[in-house]
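Visitor: Got a structure for you, questions after.
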Amino acid sequence: MSRVTLFVDVILPLSVPNLYTYRVPYDWNDSIAVGQRVVVQFGKGKLYSALVRRVHEVPPKQYAAKYIESILDEFPVVNEKQFALWEWMSGYYMCTIGDVMIAALPGGLRLSSETKLILHQDYKEKLPVTDLSDKEFLILDALELRDVLSLNDVSAIVEQKTVYPLIKSMIEKGIVVIQEELKERYKPKIETFVALAGAYDSEEQLKILFDQLEKKAGKQLDVLMAFIKLSERYSKNKKEVKKKDIVKMVDGADAAIKGLVKKNVLELYEAEVGRLTAFENENKVTQLNDIQQQTFDLINKQYIEGKKVALLHGVTSSGKTEIYVKMIEEVLAEGKQVLYLLPEIALTTQIINRLKKYFGEAVGVYHSKFNENERVEVWKNVINASNEKRSTANSQQPTTNIQLIIGARSALFLPFDNLGLIIVDEEHDSSFKQYDPAPRYNARDSAIFLAHIHKAKTLLGSATPSVESCFNAQEGKYGFAEMKQRFGGIQMPEILIADVKEASKRKEMKSHFSPMLLDHIALALQNKEQVILFQNRRGFAPQLECDMCAWVPQCTNCDVSLTYHKNTNQLRCHYCGYSVKPPTKCAACGDTNIKMKGFGTEKIEEELAIFYPAAKIARMDLDTTRSKFAHQHIIQDFEDGNIDILVGTQMVTKGLDFDNVSMVGILNADSMLNFPDFRAFERSYQLMAQVSGRAGRKNKRGKVIIQTHNPDHSIIQNVWNNDYLSMYTNQLLDRKNFHYPPYYRLIEITLIHKDLDLVNASSKFLADQLKLHFAKRVLGPEFPLVSRIRNLYHKNILLKVEREASVVQVKKILNEMITMFKNDTTFKPVRIQLDVDPM
């Protein structure tokens, strides 16, 4: 039999266009598989973890293939269906497959390029029993002096070019580890468990033991009682409990546990446990009312008729979640997986609490606020979900069978192998769009393609669907169902318009609050009801301004004014993070009369405390929700009645359900309506309608007060009349006339460099070249609203393409033009950023 030489094409975690080919050492021929991570050398002495995409016997023609250095996984961590999604995203969103890999794999499964050695924490224990070569001793001595060594450092110390075999040997001997990059960031969580010895299985033996301990060892008896109580609480079949839980229940438990172990009453052992919260299934069964049942049946009928995607348009509080739950029940009963996508982490807290009551331990959660270990754990649990559960008798390691994943857009990349349903809740939300870095994907659209790969169904849900999704439903591409009434006959909220312009003329405004708004807040508080106030700007004041010459403090790195944050007494840039103390005098004219202009959530929070000193006021925006559980704590406090008034940015608009909210205030509707974007009217309607839906959810009709200078604006009137159809019809007309989605596809090309003149020249050159091919479909180049960010200038070119045109051909021509552009040495330093379907 002839000797077979294998090669692998790998995806590198770099923005390179092609796969790269490596040779497999003969001894590893039987171990290598598609989807495994391998360590490879790429470039000068740099090691990367790459993913095997193909295994074959064809050597590369353009270069000599290097050997792979090691195989990191026994089994694949990425499956073929994931690769199919990655390749589609790479093509559709015009980025490299390496960009998608970086976005898709959790950090704990990625190894970076910069390789550094550090000593193993237990290396001194290994030295007496480990044989080290002379060169290994040299490396050890250097590390004891310097703590960290790079590959280049090691190469210089031992005076040889290839040092990886030396490093590998020292890693295997337990002397060194590779800091961050080549040590796996994922570490299993180990817990100490306490189990009852086999001799005390029967109640009779336990009773004798209790009598003995009661006379001589009261503390040990307390520990034993705690053990029994906890084991009953955990599960009927559970024979062990966590040691730390006993320690929490009984003071001085450590010594008592040691005593019981010595007496052979208890046994201690360590086992790997999950970091993720376990949920008990309450075995709830979903009961739908007549309208929900009709809607559910209609959606299923459309699926049977061949529609793979359905849009559910249900007003706020119409009971869409119950329909989702019913659909999930059916899919899980078929043994398939479900992905439930949400736009914001803030939403997951309430949804998880609702869904875990139905589905217990089948629920998994995945989002960016999880640390690396938790994200890797969910990833591995999803891989294991399709395998048979290990029996407790065979293994003490935890078993999971996650079938329902709830998460924000990154959950799309998990290693599903048998999806039956994807639900995209609040499908209109712009948070589903990834802006930076590449891939700049829309999770809603990518979810539809992922469902296509799995031959699964997709359900899009919203009270205010996107114009594009509604258009697709209208054209017959999607199925469609509608629920126009709130669940349980609850009325839609009463919407009142507060004319700020008139109130200002009559000098009735108190700071930024109209008399109507203040009166209704006071009434709600008097009735022991809760209030939500919405202002789509965080910080204390949008800007400071000199009253004499109108000078405004600007960011030194970006073309944007600084926002004042009173809590930290800083002016801060929301683009680059630059911060500075507020000036005591004008930098232009020297005058000391500097005033605050505008208002953000922080200022509203402070001023409300003056008007309502007895009220408990909290704020929910990016500044107050940076930590992992911050959203959860604020939402829980509000649900529990510990907060009377919640002030927030758009986080408060998104699907949250609070029983006791009777009044919602929108403080500045005009700032949304006047934003220079073709989606401004659609987004303003969605935000106002969504935040209005938080009022009067359960017990009675709520009230919404919209403060505006222009009460007759068409969008304000649409919100007032709850008239989505008029907004949608008007928007379609405008977009058809001015060549915007859904009639046209958009591709935004942004040129970036620190030299303004180079950005101007390069953008004009590229735009002129594009116009030769695409003519009037090319707009620009134009500077965006904020043209300089982190000292880099940005200039945009917008390409509008008819929906009927071949987008594949358009992208092919565009890629060719960009390649030609990059070949020009003058423009080589300019970075090009592509955004397909910008939001």
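Just so we're on the same page: first chain in the structure tokens is A, next is B, and so on; residues restart at 1 for each chain, and ligands are numbered from 1 in the order they show up.
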I want to know what sits within 8 Å of Cys95 in chain A, based on only C-alpha atoms, with residues of the same chain fewer than 2 positions away left out; could you give that as a PyMOL selection string?
Guide: chain A and resi 15+89-91+93+97+99-100+438-439+834
Visitor: Applying 8 Å and only C-alpha atoms, which residues near Phe75 in chain A remain after dropping the ones on its own chain fewer than 6 positions away? List them as a CSV table (one decimal) with all heavy atoms, in the first residue's frame.
Guide:
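Now in around.csv:
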chain,number,residue,atom,x,y,z
A,33,ALA,N,-9.2,16.2,10.6
A,33,ALA,CA,-10.6,16.2,10.1
A,33,ALA,C,-11.0,17.6,9.9
A,33,ALA,O,-10.5,18.6,10.5
A,33,ALA,CB,-11.5,15.5,11.1
A,35,GLY,N,-12.9,20.9,10.2
A,35,GLY,CA,-13.6,21.6,11.4
A,35,GLY,C,-12.7,21.6,12.7
A,35,GLY,O,-13.1,22.2,13.7
A,36,GLN,N,-11.6,20.9,12.6
A,36,GLN,CA,-10.6,20.9,13.8
A,36,GLN,C,-9.8,22.2,13.7
A,36,GLN,O,-9.6,22.8,12.6
A,36,GLN,CB,-9.7,19.7,13.8
A,36,GLN,CG,-10.4,18.4,14.1
A,36,GLN,CD,-9.4,17.2,14.0
A,36,GLN,OE1,-8.6,17.2,13.0
A,36,GLN,NE2,-9.5,16.3,14.8
Visitor: Take CA of Ser684 in chain A and CA of Phe480 in chain A and report the distance between them in Å, one decimal.
Guide: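 Distance between the two atoms: 23.6 Å.
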Visitor: To test your reading of the structure, identify every residue in range 393-613 of chain A that backbone DSSP assigns to strand (DSSP E), and report it as a compact mmCIF listing (two decimals) with all heavy atoms, in the first residue's frame.
Guide:
# COMPACT_ATOMS: atom_id res chain seq x y z
N LEU A 404 -32.71 24.74 22.93
CA LEU A 404 -33.25 26.08 22.64
C LEU A 404 -32.21 27.11 23.08
O LEU A 404 -31.88 27.20 24.25
CB LEU A 404 -34.56 26.29 23.40
CG LEU A 404 -35.09 27.73 23.51
CD1 LEU A 404 -35.37 28.33 22.13
CD2 LEU A 404 -36.36 27.77 24.36
N ILE A 405 -31.68 27.86 22.11
CA ILE A 405 -30.70 28.91 22.41
C ILE A 405 -31.38 30.26 22.28
O ILE A 405 -32.01 30.56 21.26
CB ILE A 405 -29.50 28.83 21.44
CG1 ILE A 405 -28.61 27.65 21.80
CG2 ILE A 405 -28.69 30.13 21.48
CD1 ILE A 405 -27.77 27.83 23.05
N ILE A 406 -31.23 31.09 23.33
CA ILE A 406 -31.71 32.47 23.29
C ILE A 406 -30.48 33.35 23.27
O ILE A 406 -29.57 33.18 24.09
CB ILE A 406 -32.54 32.80 24.55
CG1 ILE A 406 -33.64 31.77 24.77
CG2 ILE A 406 -33.13 34.20 24.45
CD1 ILE A 406 -34.26 31.82 26.13
N GLY A 407 -30.44 34.30 22.35
CA GLY A 407 -29.26 35.15 22.32
C GLY A 407 -29.39 36.32 21.38
O GLY A 407 -30.36 36.44 20.63
N LEU A 419 -31.24 22.43 13.23
CA LEU A 419 -32.21 23.50 13.53
C LEU A 419 -33.55 23.21 12.87
O LEU A 419 -33.61 22.85 11.69
CB LEU A 419 -31.68 24.84 13.01
CG LEU A 419 -30.83 25.69 13.96
CD1 LEU A 419 -30.31 26.91 13.22
CD2 LEU A 419 -31.61 26.12 15.19
N GLY A 420 -34.61 23.42 13.63
CA GLY A 420 -35.95 23.28 13.07
C GLY A 420 -36.68 24.60 12.94
O GLY A 420 -37.63 24.73 12.16
N LEU A 421 -36.25 25.59 13.76
CA LEU A 421 -36.96 26.88 13.78
C LEU A 421 -36.01 27.98 14.24
O LEU A 421 -35.24 27.78 15.18
CB LEU A 421 -38.16 26.79 14.76
CG LEU A 421 -38.93 28.09 15.06
CD1 LEU A 421 -39.68 28.58 13.82
CD2 LEU A 421 -39.89 27.87 16.22
N ILE A 422 -36.08 29.13 13.57
CA ILE A 422 -35.40 30.33 14.05
C ILE A 422 -36.46 31.42 14.23
O ILE A 422 -37.23 31.71 13.32
CB ILE A 422 -34.32 30.83 13.06
CG1 ILE A 422 -33.24 29.77 12.86
CG2 ILE A 422 -33.68 32.12 13.58
CD1 ILE A 422 -32.16 30.15 11.86
N ILE A 423 -36.50 31.98 15.43
CA ILE A 423 -37.40 33.10 15.72
C ILE A 423 -36.55 34.36 15.83
O ILE A 423 -35.55 34.39 16.56
CB ILE A 423 -38.16 32.86 17.05
CG1 ILE A 423 -39.11 31.66 16.92
CG2 ILE A 423 -38.94 34.12 17.46
CD1 ILE A 423 -39.67 31.17 18.24
N VAL A 424 -36.91 35.39 15.08
CA VAL A 424 -36.23 36.68 15.18
C VAL A 424 -37.24 37.66 15.76
O VAL A 424 -38.12 38.15 15.06
CB VAL A 424 -35.72 37.16 13.80
CG1 VAL A 424 -34.91 38.45 13.96
CG2 VAL A 424 -34.87 36.09 13.13
N ASP A 425 -37.12 37.91 17.06
CA ASP A 425 -38.06 38.80 17.76
C ASP A 425 -37.60 40.25 17.59
O ASP A 425 -36.40 40.52 17.58
CB ASP A 425 -38.11 38.42 19.24
CG ASP A 425 -39.37 38.93 19.92
OD1 ASP A 425 -40.26 39.46 19.22
OD2 ASP A 425 -39.47 38.80 21.15
N LYS A 457 -37.67 26.45 9.50
CA LYS A 457 -38.63 27.56 9.34
C LYS A 457 -38.08 28.80 10.05
O LYS A 457 -37.36 28.68 11.04
CB LYS A 457 -39.98 27.17 9.94
CG LYS A 457 -40.61 25.96 9.26
CD LYS A 457 -41.87 25.50 9.97
CE LYS A 457 -41.55 24.73 11.22
NZ LYS A 457 -42.70 23.99 11.79
N THR A 458 -38.46 29.97 9.54
CA THR A 458 -38.09 31.23 10.19
C THR A 458 -39.36 32.01 10.50
O THR A 458 -40.23 32.13 9.64
CB THR A 458 -37.20 32.09 9.27
OG1 THR A 458 -36.09 31.31 8.83
CG2 THR A 458 -36.68 33.31 10.00
N LEU A 459 -39.43 32.54 11.72
CA LEU A 459 -40.55 33.40 12.11
C LEU A 459 -40.00 34.75 12.53
O LEU A 459 -39.22 34.85 13.48
CB LEU A 459 -41.35 32.77 13.26
CG LEU A 459 -42.56 33.57 13.75
CD1 LEU A 459 -43.58 33.78 12.62
CD2 LEU A 459 -43.23 32.88 14.94
N LEU A 460 -40.38 35.80 11.81
CA LEU A 460 -40.00 37.17 12.16
C LEU A 460 -41.17 37.79 12.91
O LEU A 460 -42.31 37.72 12.45
CB LEU A 460 -39.70 37.99 10.90
CG LEU A 460 -38.76 37.37 9.87
CD1 LEU A 460 -38.62 38.29 8.66
CD2 LEU A 460 -37.39 37.10 10.47
N GLY A 461 -40.89 38.42 14.05
CA GLY A 461 -41.97 39.00 14.83
C GLY A 461 -41.69 40.44 15.20
O GLY A 461 -40.55 40.80 15.49
N SER A 462 -42.72 41.29 15.17
CA SER A 462 -42.56 42.68 15.58
C SER A 462 -43.92 43.37 15.67
O SER A 462 -44.85 43.01 14.96
CB SER A 462 -41.68 43.44 14.59
OG SER A 462 -41.58 44.79 14.95
N GLY A 479 -44.64 34.50 4.33
CA GLY A 479 -45.99 34.37 4.87
C GLY A 479 -46.28 35.55 5.78
O GLY A 479 -45.36 36.26 6.21
N PHE A 480 -47.55 35.77 6.10
CA PHE A 480 -47.90 36.94 6.91
C PHE A 480 -49.09 36.63 7.82
O PHE A 480 -50.06 35.98 7.41
CB PHE A 480 -48.25 38.12 6.00
CG PHE A 480 -48.59 39.39 6.73
CD1 PHE A 480 -47.59 40.12 7.37
CD2 PHE A 480 -49.91 39.85 6.82
CE1 PHE A 480 -47.89 41.29 8.06
CE2 PHE A 480 -50.21 41.01 7.50
CZ PHE A 480 -49.20 41.74 8.12
N ALA A 481 -48.98 37.07 9.07
CA ALA A 481 -50.11 36.97 10.02
C ALA A 481 -50.11 38.23 10.86
O ALA A 481 -49.07 38.83 11.12
CB ALA A 481 -49.94 35.74 10.89
N GLU A 482 -51.30 38.62 11.30
CA GLU A 482 -51.44 39.89 12.01
C GLU A 482 -52.31 39.72 13.24
O GLU A 482 -53.32 39.00 13.22
CB GLU A 482 -52.07 40.92 11.06
CG GLU A 482 -51.94 42.35 11.53
CD GLU A 482 -52.34 43.34 10.44
OE1 GLU A 482 -53.05 42.94 9.49
OE2 GLU A 482 -51.95 44.51 10.55
N MET A 483 -51.93 40.38 14.33
CA MET A 483 -52.76 40.44 15.55
C MET A 483 -52.93 41.91 15.92
O MET A 483 -51.97 42.57 16.30
CB MET A 483 -52.10 39.67 16.70
CG MET A 483 -52.05 38.17 16.45
SD MET A 483 -51.70 37.21 17.95
CE MET A 483 -50.06 37.74 18.34
N GLU A 494 -53.70 55.40 25.66
CA GLU A 494 -54.16 56.71 25.21
C GLU A 494 -52.94 57.59 24.95
O GLU A 494 -52.09 57.74 25.84
CB GLU A 494 -55.05 57.34 26.29
CG GLU A 494 -55.57 58.72 25.92
CD GLU A 494 -56.30 59.40 27.06
OE1 GLU A 494 -56.41 58.80 28.16
OE2 GLU A 494 -56.76 60.53 26.88
N ILE A 495 -52.83 58.15 23.75
CA ILE A 495 -51.65 58.94 23.39
C ILE A 495 -52.01 60.43 23.40
O ILE A 495 -52.98 60.85 22.75
CB ILE A 495 -51.09 58.52 22.02
CG1 ILE A 495 -50.58 57.07 22.11
CG2 ILE A 495 -49.95 59.43 21.59
CD1 ILE A 495 -50.08 56.48 20.83
N LEU A 496 -51.25 61.20 24.17
CA LEU A 496 -51.47 62.64 24.28
C LEU A 496 -50.24 63.36 23.73
O LEU A 496 -49.11 62.95 23.98
CB LEU A 496 -51.68 63.03 25.75
CG LEU A 496 -52.79 62.27 26.50
CD1 LEU A 496 -52.76 62.59 27.98
CD2 LEU A 496 -54.16 62.61 25.91
N ILE A 497 -50.48 64.43 22.99
CA ILE A 497 -49.39 65.21 22.40
C ILE A 497 -49.20 66.50 23.20
O ILE A 497 -50.15 67.28 23.36
CB ILE A 497 -49.68 65.57 20.92
CG1 ILE A 497 -50.15 64.33 20.13
CG2 ILE A 497 -48.46 66.23 20.28
CD1 ILE A 497 -49.12 63.26 19.96
N ALA A 498 -47.98 66.68 23.70
CA ALA A 498 -47.66 67.91 24.43
C ALA A 498 -46.90 68.85 23.48
O ALA A 498 -45.80 68.52 23.03
CB ALA A 498 -46.81 67.60 25.66
N ASP A 499 -47.51 70.00 23.18
CA ASP A 499 -46.91 70.97 22.26
C ASP A 499 -45.89 71.82 23.03
O ASP A 499 -46.26 72.78 23.73
CB ASP A 499 -48.01 71.84 21.64
CG ASP A 499 -47.49 72.72 20.51
OD1 ASP A 499 -46.28 73.00 20.51
OD2 ASP A 499 -48.29 73.14 19.66
N GLN A 530 -46.00 52.97 38.09
CA GLN A 530 -44.64 53.26 37.63
C GLN A 530 -44.65 54.04 36.31
O GLN A 530 -45.62 54.01 35.56
CB GLN A 530 -43.86 51.95 37.46
CG GLN A 530 -43.53 51.27 38.78
CD GLN A 530 -42.97 49.88 38.57
OE1 GLN A 530 -43.61 49.03 37.95
NE2 GLN A 530 -41.77 49.65 39.08
N VAL A 531 -43.51 54.72 36.06
CA VAL A 531 -43.38 55.60 34.91
C VAL A 531 -42.08 55.27 34.16
O VAL A 531 -41.05 55.00 34.78
CB VAL A 531 -43.34 57.09 35.36
CG1 VAL A 531 -43.07 58.02 34.18
CG2 VAL A 531 -44.63 57.47 36.08
N ILE A 532 -42.15 55.28 32.82
CA ILE A 532 -40.95 55.17 31.98
C ILE A 532 -40.81 56.45 31.18
O ILE A 532 -41.77 56.90 30.56
CB ILE A 532 -41.03 53.96 31.03
CG1 ILE A 532 -40.95 52.64 31.81
CG2 ILE A 532 -39.92 54.01 29.98
CD1 ILE A 532 -41.11 51.40 30.96
N LEU A 533 -39.62 57.05 31.21
CA LEU A 533 -39.35 58.23 30.41
C LEU A 533 -38.24 57.91 29.40
O LEU A 533 -37.20 57.37 29.78
CB LEU A 533 -38.92 59.41 31.29
CG LEU A 533 -39.98 59.94 32.27
CD1 LEU A 533 -39.43 61.10 33.08
CD2 LEU A 533 -41.25 60.37 31.54
N PHE A 534 -38.50 58.25 28.15
CA PHE A 534 -37.59 57.90 27.06
C PHE A 534 -36.92 59.15 26.48
O PHE A 534 -37.58 60.10 26.10
CB PHE A 534 -38.39 57.19 25.96
CG PHE A 534 -37.63 57.00 24.67
CD1 PHE A 534 -36.52 56.19 24.61
CD2 PHE A 534 -38.06 57.63 23.51
CE1 PHE A 534 -35.83 56.02 23.43
CE2 PHE A 534 -37.38 57.47 22.32
CZ PHE A 534 -36.26 56.65 22.27
N GLN A 543 -23.89 69.03 24.91
CA GLN A 543 -22.68 69.84 24.73
C GLN A 543 -22.68 71.06 25.65
O GLN A 543 -23.72 71.48 26.14
CB GLN A 543 -22.55 70.30 23.27
CG GLN A 543 -23.67 71.20 22.80
CD GLN A 543 -23.62 71.46 21.30
OE1 GLN A 543 -23.40 70.55 20.52
NE2 GLN A 543 -23.83 72.70 20.91
N LEU A 544 -21.47 71.59 25.87
CA LEU A 544 -21.32 72.88 26.53
C LEU A 544 -21.10 73.93 25.44
O LEU A 544 -20.53 73.63 24.38
CB LEU A 544 -20.11 72.86 27.47
CG LEU A 544 -20.12 71.83 28.61
CD1 LEU A 544 -18.89 72.03 29.49
CD2 LEU A 544 -21.38 71.94 29.44
N GLU A 545 -21.54 75.16 25.70
CA GLU A 545 -21.40 76.22 24.69
C GLU A 545 -21.12 77.55 25.37
O GLU A 545 -21.74 77.89 26.39
CB GLU A 545 -22.68 76.31 23.86
CG GLU A 545 -22.58 77.28 22.69
CD GLU A 545 -23.86 77.28 21.87
OE1 GLU A 545 -24.18 76.25 21.25
OE2 GLU A 545 -24.55 78.33 21.88
N CYS A 546 -20.16 78.29 24.82
CA CYS A 546 -19.86 79.63 25.34
C CYS A 546 -21.01 80.57 24.99
O CYS A 546 -21.43 80.67 23.83
CB CYS A 546 -18.56 80.14 24.72
SG CYS A 546 -18.20 81.87 25.16
N THR A 563 -19.68 65.33 24.91
CA THR A 563 -20.88 65.25 25.73
C THR A 563 -20.50 65.33 27.20
O THR A 563 -19.56 64.66 27.64
CB THR A 563 -21.63 63.94 25.46
OG1 THR A 563 -21.97 63.88 24.07
CG2 THR A 563 -22.91 63.84 26.28
N TYR A 564 -21.25 66.14 27.97
CA TYR A 564 -20.94 66.30 29.39
C TYR A 564 -21.61 65.19 30.20
O TYR A 564 -22.81 64.95 30.08
CB TYR A 564 -21.42 67.66 29.89
CG TYR A 564 -21.17 67.86 31.37
CD1 TYR A 564 -19.90 67.74 31.92
CD2 TYR A 564 -22.23 68.16 32.24
CE1 TYR A 564 -19.67 67.91 33.28
CE2 TYR A 564 -22.01 68.34 33.60
CZ TYR A 564 -20.74 68.21 34.12
OH TYR A 564 -20.51 68.37 35.46
N HIS A 565 -20.82 64.51 31.05
CA HIS A 565 -21.31 63.47 31.97
C HIS A 565 -21.08 63.97 33.39
O HIS A 565 -19.94 64.05 33.85
CB HIS A 565 -20.59 62.14 31.74
CG HIS A 565 -20.96 61.47 30.45
ND1 HIS A 565 -21.76 60.36 30.40
CD2 HIS A 565 -20.65 61.77 29.16
CE1 HIS A 565 -21.92 59.99 29.14
NE2 HIS A 565 -21.26 60.83 28.37
N GLN A 570 -17.01 64.85 33.53
CA GLN A 570 -16.12 64.80 32.37
C GLN A 570 -16.88 65.16 31.10
O GLN A 570 -18.09 64.91 30.99
CB GLN A 570 -15.55 63.39 32.19
CG GLN A 570 -14.45 63.03 33.16
CD GLN A 570 -13.89 61.66 32.85
OE1 GLN A 570 -14.58 60.77 32.36
NE2 GLN A 570 -12.60 61.47 33.13
N LEU A 571 -16.15 65.73 30.15
CA LEU A 571 -16.63 65.82 28.77
C LEU A 571 -16.08 64.60 28.05
O LEU A 571 -14.88 64.32 28.12
CB LEU A 571 -16.12 67.10 28.10
CG LEU A 571 -16.71 68.42 28.61
CD1 LEU A 571 -15.92 69.59 28.05
CD2 LEU A 571 -18.17 68.54 28.22
N ARG A 572 -16.97 63.87 27.37
CA ARG A 572 -16.53 62.61 26.79
C ARG A 572 -16.98 62.49 25.34
O ARG A 572 -18.09 62.89 24.99
CB ARG A 572 -17.11 61.44 27.60
CG ARG A 572 -16.46 60.09 27.30
CD ARG A 572 -17.09 58.98 28.12
NE ARG A 572 -17.09 59.27 29.54
CZ ARG A 572 -17.93 58.72 30.42
NH1 ARG A 572 -18.87 57.90 29.99
NH2 ARG A 572 -17.85 59.02 31.70
N SER A 579 -11.67 61.83 26.86
CA SER A 579 -12.37 62.56 27.91
C SER A 579 -11.46 63.65 28.47
O SER A 579 -10.23 63.54 28.43
CB SER A 579 -12.82 61.62 29.03
OG SER A 579 -11.71 61.01 29.64
N VAL A 580 -12.09 64.70 29.00
CA VAL A 580 -11.36 65.84 29.55
C VAL A 580 -12.26 66.52 30.58
O VAL A 580 -13.49 66.40 30.52
CB VAL A 580 -10.96 66.82 28.41
CG1 VAL A 580 -12.18 67.48 27.79
CG2 VAL A 580 -9.95 67.85 28.89
N ILE A 594 -20.09 79.72 30.43
CA ILE A 594 -20.27 78.54 29.57
C ILE A 594 -21.53 77.81 30.03
O ILE A 594 -21.66 77.45 31.20
CB ILE A 594 -19.04 77.62 29.65
CG1 ILE A 594 -17.82 78.36 29.09
CG2 ILE A 594 -19.26 76.32 28.89
CD1 ILE A 594 -16.52 77.61 29.23
N LYS A 595 -22.45 77.59 29.09
CA LYS A 595 -23.75 77.00 29.43
C LYS A 595 -23.91 75.61 28.80
O LYS A 595 -23.27 75.29 27.81
CB LYS A 595 -24.87 77.92 28.95
CG LYS A 595 -24.96 79.22 29.73
CD LYS A 595 -26.20 80.00 29.34
CE LYS A 595 -26.35 81.24 30.22
NZ LYS A 595 -27.53 82.04 29.84
N MET A 596 -24.81 74.84 29.42
CA MET A 596 -25.12 73.51 28.88
C MET A 596 -26.26 73.64 27.88
O MET A 596 -27.24 74.35 28.12
CB MET A 596 -25.55 72.57 30.01
CG MET A 596 -24.43 72.25 30.95
SD MET A 596 -25.00 71.24 32.32
CE MET A 596 -23.57 71.36 33.39
N LYS A 597 -26.14 72.92 26.77
CA LYS A 597 -27.17 72.92 25.74
C LYS A 597 -27.71 71.52 25.57
O LYS A 597 -26.96 70.55 25.47
CB LYS A 597 -26.60 73.40 24.40
CG LYS A 597 -26.08 74.84 24.43
CD LYS A 597 -27.22 75.83 24.47
CE LYS A 597 -26.70 77.26 24.40
NZ LYS A 597 -27.77 78.26 24.47
Visitor: With DSSP run on the backbone, what are the alpha helix (DSSP H) residues within range 627-727 of chain A? I'd like them as a VMD selection string.
Guide: chain A and resid 630 to 639 669 to 673 680 to 692 714 to 720 724 to 727
Visitor: Work out how far apart CA of Asn557 in chain A and CA of Asn791 in chain A are and give it in Å to one decimal.
Guide: 4.7 Å
Visitor: Could you list, as a list in words, every residue within 9 Å of Asn18 in chain A, counting only C-alpha atoms and ignoring same-chain residues fewer than 6 positions away?
Guide: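 Counting only the stated atoms, we get Ile11, Thr96, Ile97 and Gly98 of chain A.
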Visitor: For C-alpha atoms, I'd like the residues from the last selection saved as a tab-separated table (two decimals), in the first residue's frame.
Guide:
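What follows is the written file again14.tsv:
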chain	number	residue	atom	x	y	z
A	11	ILE	CA	-9.01	29.34	7.34
A	96	THR	CA	-12.91	37.55	3.93
A	97	ILE	CA	-13.70	34.17	5.44
A	98	GLY	CA	-11.11	35.01	8.14
Visitor: Just how far from CA of Ser692 in chain A is CA of Val661 in chain A, in Å to one decimal?
Guide: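 Going from CA of Val661 in chain A over to CA of Ser692 in chain A, I get 10.6 Å.
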Visitor: Got a sec: who's within 12 Å of range 603-616 of chain A, counting only C-alpha atoms, leaving out chain neighbours fewer than 5 positions off, as number ranges by chain?
Guide: A: 510-513, 515, 517-519, 521-526, 528-542, 563-567, 596-598, 621, 637-638, 641-649, 665-668
Visitor: Taking only C-alpha atoms into account, which of A:Leu260, A:Asp591, A:Ser762, A:Phe681 comes nearest Asp734 in chain A?
Guide: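 So, comparing all the options, the nearest one is A:Phe681.
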Visitor: Find the residue from A:Ala226, A:Ile167, A:Val261, A:Cys576 that sits nearest to Val786 in chain A; use only C-alpha atoms when measuring.
Guide: A:Cys576
Visitor: I'd like the contact shell of Asp290 in chain A - 12 Å cut-off, only C-alpha atoms, skipping same-chain residues fewer than 3 positions apart - returned as a VMD selection string.
Guide: chain A and resid 287 293 to 297 319 323 483 485 487 to 488
